[in-house]
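K.L.:
Got a structure for you, questions after.
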Amino acid sequence: MRLALYQPDIAPNVGTMLRLGACLGVPVDIIEPCGFPFGAKDLRRAVMDYSAAADVTRHVSWQEFTRHISGKRLILLSTKADTAYTDFTFTESDILLVGRESAGVPDAIHDAADHRVLIPMTKGLRSINVALSAAMVLGEALRQTADFPNSSSFT
């Protein structure tokens, strides 16, 4: 399982997702460009001292990212999806992709995803924070694949 962030806009959200990945043993791919300098103070504050534990791969473009995902399913978290994430069957090799906070992903990337899932929400509301959405769906994916870190690995 991997978590991929498409051209993220907000440094604290990226820091939160890097920390999430570190704590759950899930590698994080960042597809640039980012909407902020990567070493931004807000990013460092959110990731705290978990940056050394985070397995992060930065990709300079979507094209460069796609060269590294051959044979893996790309699962897009999208408010435009038809399938609730709780009704979807995840696999251990899936890559969960979240879009930009301000704009999601372009249509071409939406179409490139193997599957699209959504978080059911109250009618009339736009979206849940991207870091919270990633945590919800990643938690379900890890539960389904029995891939949460073993409690004995915590110190």
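Lettering and numbering for the structure tokens are positional, with chains as A, B, ... in the shown order, residues counted from 1 in each chain, and ligands counted from 1 in the shown order.
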If we count only C-alpha atoms, what is near Leu18 in chain A at a cut-off of 10 Å, once residues fewer than 2 positions away on the same chain are taken out, given as a ChimeraX atom specification?
P.N.:
/A:3,12-16,20-24,26-30,43,46-48,50-51,53-56,131
K.L.:
Show which residues sit within 9 Å of Gly71 in chain A, as number ranges by chain. Count only C-alpha atoms, and ignore same-chain residues fewer than 2 positions away.
P.N.:
A: 69, 73, 93
K.L.:
Next, the residues of the selection above should be written as a short mmCIF file (atom, residue, chain, number, x, y, z; two decimals), in the first residue's frame with N, CA and C atoms.
P.N.:
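Written file, again_6.cif:
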```
data_model
loop_
_atom_site.label_atom_id
_atom_site.label_comp_id
_atom_site.auth_asym_id
_atom_site.auth_seq_id
_atom_site.Cartn_x
_atom_site.Cartn_y
_atom_site.Cartn_z
N ILE A 69 4.87 3.00 -11.17
CA ILE A 69 3.69 2.32 -10.60
C ILE A 69 3.19 1.16 -11.46
N ARG A 73 -2.51 -0.96 -8.88
CA ARG A 73 -3.76 -0.24 -9.11
C ARG A 73 -3.68 1.15 -8.49
N SER A 93 -1.18 -3.98 -2.75
CA SER A 93 -0.32 -3.22 -3.66
C SER A 93 -0.98 -1.96 -4.21
#
```
K.L.:
Taking only range 6-148 of chain A into account, list the residues labelled helix (DSSP H, G or I) by DSSP (computed from the backbone), as a count of residues only.
P.N.:
53
K.L.:
Quick one: residues within 12 Å of range 88-90 of chain A, only C-alpha atoms counted, chain neighbours fewer than 5 positions away excluded, as a short mmCIF file (atom, residue, chain, number, x, y, z; two decimals) with all heavy atoms, in the first residue's frame?
P.N.:
```
data_model
loop_
_atom_site.label_atom_id
_atom_site.label_comp_id
_atom_site.auth_asym_id
_atom_site.auth_seq_id
_atom_site.Cartn_x
_atom_site.Cartn_y
_atom_site.Cartn_z
N MET A 1 0.85 -1.18 0.00
CA MET A 1 0.00 0.00 0.00
C MET A 1 0.89 1.23 0.00
O MET A 1 1.91 1.27 0.68
CB MET A 1 -0.88 -0.03 1.25
CG MET A 1 -1.96 0.98 1.30
SD MET A 1 -3.42 0.63 0.33
CE MET A 1 -3.90 -0.98 0.90
N ARG A 2 0.46 2.24 -0.79
CA ARG A 2 1.17 3.51 -0.85
C ARG A 2 0.13 4.62 -0.85
O ARG A 2 -1.02 4.41 -1.24
CB ARG A 2 2.04 3.63 -2.11
CG ARG A 2 3.15 2.61 -2.20
CD ARG A 2 4.00 2.82 -3.45
NE ARG A 2 4.91 3.96 -3.30
CZ ARG A 2 6.10 3.91 -2.71
NH1 ARG A 2 6.53 2.77 -2.20
NH2 ARG A 2 6.86 4.98 -2.63
N LYS A 72 0.53 -1.83 -10.55
CA LYS A 72 -0.20 -1.51 -9.32
C LYS A 72 -1.48 -0.76 -9.67
O LYS A 72 -1.51 0.01 -10.63
CB LYS A 72 0.67 -0.67 -8.39
CG LYS A 72 1.88 -1.45 -7.95
CD LYS A 72 2.69 -0.65 -6.97
CE LYS A 72 3.75 -1.57 -6.45
NZ LYS A 72 4.98 -1.16 -6.22
N ARG A 73 -2.51 -0.96 -8.88
CA ARG A 73 -3.76 -0.24 -9.11
C ARG A 73 -3.68 1.15 -8.49
O ARG A 73 -3.22 1.31 -7.37
CB ARG A 73 -4.94 -0.98 -8.48
CG ARG A 73 -5.23 -2.31 -9.07
CD ARG A 73 -6.55 -2.89 -8.60
NE ARG A 73 -6.77 -2.76 -7.17
CZ ARG A 73 -7.91 -3.10 -6.56
NH1 ARG A 73 -8.92 -3.58 -7.27
NH2 ARG A 73 -8.05 -2.98 -5.26
N LEU A 74 -4.15 2.12 -9.24
CA LEU A 74 -4.21 3.49 -8.76
C LEU A 74 -5.67 3.77 -8.37
O LEU A 74 -6.57 3.70 -9.19
CB LEU A 74 -3.76 4.44 -9.87
CG LEU A 74 -3.56 5.89 -9.49
CD1 LEU A 74 -2.47 6.02 -8.43
CD2 LEU A 74 -3.19 6.70 -10.73
N ILE A 75 -5.86 4.06 -7.07
CA ILE A 75 -7.19 4.28 -6.52
C ILE A 75 -7.30 5.76 -6.15
O ILE A 75 -6.64 6.24 -5.23
CB ILE A 75 -7.44 3.42 -5.26
CG1 ILE A 75 -7.00 1.96 -5.47
CG2 ILE A 75 -8.89 3.54 -4.82
CD1 ILE A 75 -7.65 1.23 -6.60
N LEU A 76 -8.13 6.48 -6.88
CA LEU A 76 -8.30 7.92 -6.66
C LEU A 76 -9.41 8.19 -5.66
O LEU A 76 -10.52 7.66 -5.81
CB LEU A 76 -8.62 8.62 -7.99
CG LEU A 76 -8.93 10.11 -7.91
CD1 LEU A 76 -7.71 10.91 -7.45
CD2 LEU A 76 -9.43 10.62 -9.27
N LEU A 77 -9.13 8.99 -4.65
CA LEU A 77 -10.16 9.47 -3.72
C LEU A 77 -10.76 10.70 -4.38
O LEU A 77 -10.05 11.67 -4.65
CB LEU A 77 -9.56 9.84 -2.38
CG LEU A 77 -9.19 8.71 -1.42
CD1 LEU A 77 -8.15 7.77 -1.99
CD2 LEU A 77 -8.74 9.27 -0.11
N ALA A 81 -16.58 10.30 -7.60
CA ALA A 81 -16.65 8.84 -7.74
C ALA A 81 -18.06 8.35 -7.46
O ALA A 81 -18.89 9.06 -6.89
CB ALA A 81 -15.66 8.18 -6.78
N ASP A 82 -18.32 7.12 -7.86
CA ASP A 82 -19.62 6.49 -7.63
C ASP A 82 -19.58 5.42 -6.56
O ASP A 82 -20.63 4.99 -6.07
CB ASP A 82 -20.14 5.86 -8.93
CG ASP A 82 -20.44 6.89 -9.99
OD1 ASP A 82 -20.93 7.98 -9.65
OD2 ASP A 82 -20.17 6.61 -11.18
N THR A 83 -18.38 4.97 -6.18
CA THR A 83 -18.24 3.86 -5.24
C THR A 83 -17.76 4.37 -3.89
O THR A 83 -16.72 5.03 -3.81
CB THR A 83 -17.23 2.83 -5.78
OG1 THR A 83 -17.66 2.39 -7.08
CG2 THR A 83 -17.10 1.64 -4.86
N ILE A 95 -2.26 1.85 -4.70
CA ILE A 95 -1.76 3.20 -4.45
C ILE A 95 -2.97 4.10 -4.32
O ILE A 95 -3.77 4.22 -5.25
CB ILE A 95 -0.85 3.69 -5.59
CG1 ILE A 95 0.35 2.78 -5.75
CG2 ILE A 95 -0.42 5.14 -5.33
CD1 ILE A 95 1.18 3.06 -6.99
N LEU A 96 -3.13 4.71 -3.14
CA LEU A 96 -4.24 5.64 -2.91
C LEU A 96 -3.77 7.03 -3.32
O LEU A 96 -2.76 7.52 -2.82
CB LEU A 96 -4.64 5.62 -1.44
CG LEU A 96 -4.99 4.26 -0.85
CD1 LEU A 96 -5.40 4.41 0.61
CD2 LEU A 96 -6.08 3.57 -1.65
N ASP A 114 -7.33 3.61 -11.98
CA ASP A 114 -7.97 2.31 -12.21
C ASP A 114 -9.35 2.26 -11.56
O ASP A 114 -10.27 1.64 -12.08
CB ASP A 114 -7.09 1.19 -11.65
CG ASP A 114 -5.76 1.12 -12.38
OD1 ASP A 114 -5.77 0.86 -13.59
OD2 ASP A 114 -4.72 1.35 -11.72
N HIS A 115 -9.46 2.91 -10.40
CA HIS A 115 -10.72 2.96 -9.66
C HIS A 115 -10.81 4.29 -8.95
O HIS A 115 -9.80 4.91 -8.64
CB HIS A 115 -10.81 1.83 -8.63
CG HIS A 115 -10.73 0.47 -9.22
ND1 HIS A 115 -11.79 -0.16 -9.80
CD2 HIS A 115 -9.67 -0.37 -9.34
CE1 HIS A 115 -11.42 -1.34 -10.26
NE2 HIS A 115 -10.13 -1.49 -9.99
N ARG A 116 -12.05 4.72 -8.67
CA ARG A 116 -12.30 5.95 -7.96
C ARG A 116 -13.25 5.65 -6.80
O ARG A 116 -14.25 4.94 -6.99
CB ARG A 116 -12.92 6.99 -8.89
CG ARG A 116 -11.93 7.52 -9.92
CD ARG A 116 -12.55 8.12 -11.14
NE ARG A 116 -12.92 7.27 -12.26
CZ ARG A 116 -12.16 6.36 -12.87
NH1 ARG A 116 -10.98 6.08 -12.42
NH2 ARG A 116 -12.58 5.68 -13.93
N VAL A 117 -12.92 6.16 -5.63
CA VAL A 117 -13.77 5.94 -4.45
C VAL A 117 -14.08 7.28 -3.79
O VAL A 117 -13.32 8.23 -3.93
CB VAL A 117 -13.11 4.97 -3.43
CG1 VAL A 117 -12.89 3.59 -4.04
CG2 VAL A 117 -11.81 5.53 -2.88
N LEU A 118 -15.20 7.30 -3.10
CA LEU A 118 -15.58 8.52 -2.39
C LEU A 118 -15.92 8.20 -0.95
O LEU A 118 -16.17 7.05 -0.59
CB LEU A 118 -16.76 9.22 -3.08
CG LEU A 118 -18.10 8.50 -3.21
CD1 LEU A 118 -18.90 8.53 -1.92
CD2 LEU A 118 -18.92 9.14 -4.30
N ILE A 119 -15.93 9.25 -0.17
CA ILE A 119 -16.38 9.16 1.22
C ILE A 119 -17.80 9.72 1.25
O ILE A 119 -18.00 10.90 0.91
CB ILE A 119 -15.46 9.97 2.15
CG1 ILE A 119 -14.03 9.42 2.12
CG2 ILE A 119 -16.02 9.98 3.58
CD1 ILE A 119 -13.01 10.30 2.82
N VAL A 137 -9.61 6.59 4.41
CA VAL A 137 -9.56 5.56 3.37
C VAL A 137 -8.36 4.65 3.58
O VAL A 137 -8.47 3.42 3.44
CB VAL A 137 -9.57 6.19 1.97
CG1 VAL A 137 -9.43 5.13 0.89
CG2 VAL A 137 -10.86 7.01 1.77
N LEU A 138 -7.22 5.20 3.96
CA LEU A 138 -6.05 4.37 4.23
C LEU A 138 -6.33 3.42 5.39
O LEU A 138 -5.95 2.24 5.34
CB LEU A 138 -4.83 5.25 4.53
CG LEU A 138 -3.52 4.51 4.82
CD1 LEU A 138 -3.12 3.62 3.65
CD2 LEU A 138 -2.43 5.52 5.14
N GLY A 139 -7.00 3.90 6.42
CA GLY A 139 -7.35 3.03 7.54
C GLY A 139 -8.20 1.85 7.10
O GLY A 139 -7.97 0.71 7.51
N GLU A 140 -9.19 2.11 6.26
CA GLU A 140 -10.04 1.02 5.76
C GLU A 140 -9.25 0.07 4.87
O GLU A 140 -9.39 -1.15 4.96
CB GLU A 140 -11.24 1.60 4.99
CG GLU A 140 -12.10 0.56 4.29
CD GLU A 140 -12.79 -0.43 5.22
OE1 GLU A 140 -12.79 -0.24 6.46
OE2 GLU A 140 -13.34 -1.43 4.71
N ALA A 141 -8.39 0.62 4.02
CA ALA A 141 -7.58 -0.23 3.13
C ALA A 141 -6.64 -1.12 3.94
O ALA A 141 -6.50 -2.32 3.65
CB ALA A 141 -6.79 0.64 2.15
N LEU A 142 -6.02 -0.58 4.97
CA LEU A 142 -5.12 -1.37 5.82
C LEU A 142 -5.90 -2.40 6.63
O LEU A 142 -5.43 -3.52 6.85
CB LEU A 142 -4.30 -0.46 6.73
CG LEU A 142 -3.29 0.44 6.04
CD1 LEU A 142 -2.65 1.39 7.04
CD2 LEU A 142 -2.24 -0.36 5.29
N ARG A 143 -7.09 -2.04 7.06
CA ARG A 143 -7.93 -3.00 7.79
C ARG A 143 -8.29 -4.18 6.89
O ARG A 143 -8.14 -5.34 7.26
CB ARG A 143 -9.21 -2.32 8.29
CG ARG A 143 -10.10 -3.25 9.14
CD ARG A 143 -11.50 -2.70 9.32
NE ARG A 143 -12.27 -2.68 8.09
CZ ARG A 143 -12.86 -3.75 7.54
NH1 ARG A 143 -12.75 -4.94 8.10
NH2 ARG A 143 -13.55 -3.65 6.41
N GLN A 144 -8.72 -3.86 5.67
CA GLN A 144 -9.12 -4.92 4.74
C GLN A 144 -7.97 -5.86 4.39
O GLN A 144 -8.16 -7.06 4.22
CB GLN A 144 -9.68 -4.33 3.44
CG GLN A 144 -11.05 -3.77 3.55
CD GLN A 144 -11.57 -3.33 2.19
OE1 GLN A 144 -11.10 -3.77 1.15
NE2 GLN A 144 -12.57 -2.46 2.21
N THR A 145 -6.78 -5.30 4.25
CA THR A 145 -5.63 -6.11 3.83
C THR A 145 -4.84 -6.64 5.02
O THR A 145 -3.79 -7.26 4.82
CB THR A 145 -4.70 -5.28 2.92
OG1 THR A 145 -4.26 -4.11 3.64
CG2 THR A 145 -5.41 -4.86 1.63
N ALA A 146 -5.34 -6.41 6.23
CA ALA A 146 -4.66 -6.83 7.47
C ALA A 146 -3.21 -6.37 7.46
O ALA A 146 -2.30 -7.10 7.83
CB ALA A 146 -4.75 -8.35 7.64
N ASP A 147 -3.02 -5.12 7.04
CA ASP A 147 -1.66 -4.60 6.87
C ASP A 147 -1.33 -3.46 7.85
O ASP A 147 -0.38 -2.73 7.64
CB ASP A 147 -1.48 -4.12 5.43
CG ASP A 147 -0.06 -4.27 4.94
OD1 ASP A 147 0.73 -4.99 5.57
OD2 ASP A 147 0.26 -3.63 3.92
#
```
K.L.:
Return the single residue from A:Gln7, A:Thr66, A:Asn150, A:Ser78 that is closest to Asn129 in chain A, with distances computed using only C-alpha atoms.
P.N.:
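Closest to Asn129 in chain A of all the choices is A:Ser78.
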K.L.:
As a PyMOL selection string, which residues of chain A does DSSP assign to strand (DSSP E)?
P.N.:
chain A and resi 2-6+28-31+56-59+74-77+83-84+95-98+115-118
K.L.:
Quick check, in Å to one decimal: how far apart do CA of Gln63 in chain A and CA of Pro33 in chain A lie?
P.N.:
12.2 Å
K.L.:
One decimal, Å: what's the distance from CA of Ala4 in chain A over to CA of Asp49 in chain A, could you say?
P.N.:
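That distance, rounded to one decimal, is 20.9 Å.
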K.L.:
So, with only C-alpha atoms as the atoms that count, which of A:Gly25, A:Pro120, A:Pro106, A:Gly35 lies closest to Thr86 in chain A?
P.N.:
A:Pro120
K.L.:
What is the CA of Leu132 in chain A-CA of Val105 in chain A distance in Å, reported with one decimal?
P.N.:
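Pair CA of Leu132 in chain A / CA of Val105 in chain A returns 17.5 Å.
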K.L.:
Within 8 Å of Glu101 in chain A, counting only C-alpha atoms, which residues show up once you throw out same-chain ones fewer than 2 positions away? Write them as number ranges by chain, please.
P.N.:
A: 8-10, 99, 103-104, 129-130
K.L.:
Restricted to C-alpha atoms, what would the selected residues look like written as an mmCIF file, in the first residue's frame?
P.N.:
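Result went into again_10.cif, see below:
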```cif
data_model
loop_
_atom_site.group_PDB
_atom_site.id
_atom_site.type_symbol
_atom_site.label_atom_id
_atom_site.label_comp_id
_atom_site.auth_asym_id
_atom_site.auth_seq_id
_atom_site.Cartn_x
_atom_site.Cartn_y
_atom_site.Cartn_z
ATOM 1 C CA PRO A 8 -0.420 19.331 -2.976
ATOM 2 C CA ASP A 9 -1.204 22.968 -2.132
ATOM 3 C CA ILE A 10 -1.101 23.117 1.652
ATOM 4 C CA GLY A 99 -5.680 15.432 -5.370
ATOM 5 C CA ALA A 103 -8.713 21.634 -7.432
ATOM 6 C CA GLY A 104 -8.546 17.852 -7.070
ATOM 7 C CA ASN A 129 -9.976 17.839 4.435
ATOM 8 C CA VAL A 130 -7.577 15.872 2.207
#
```
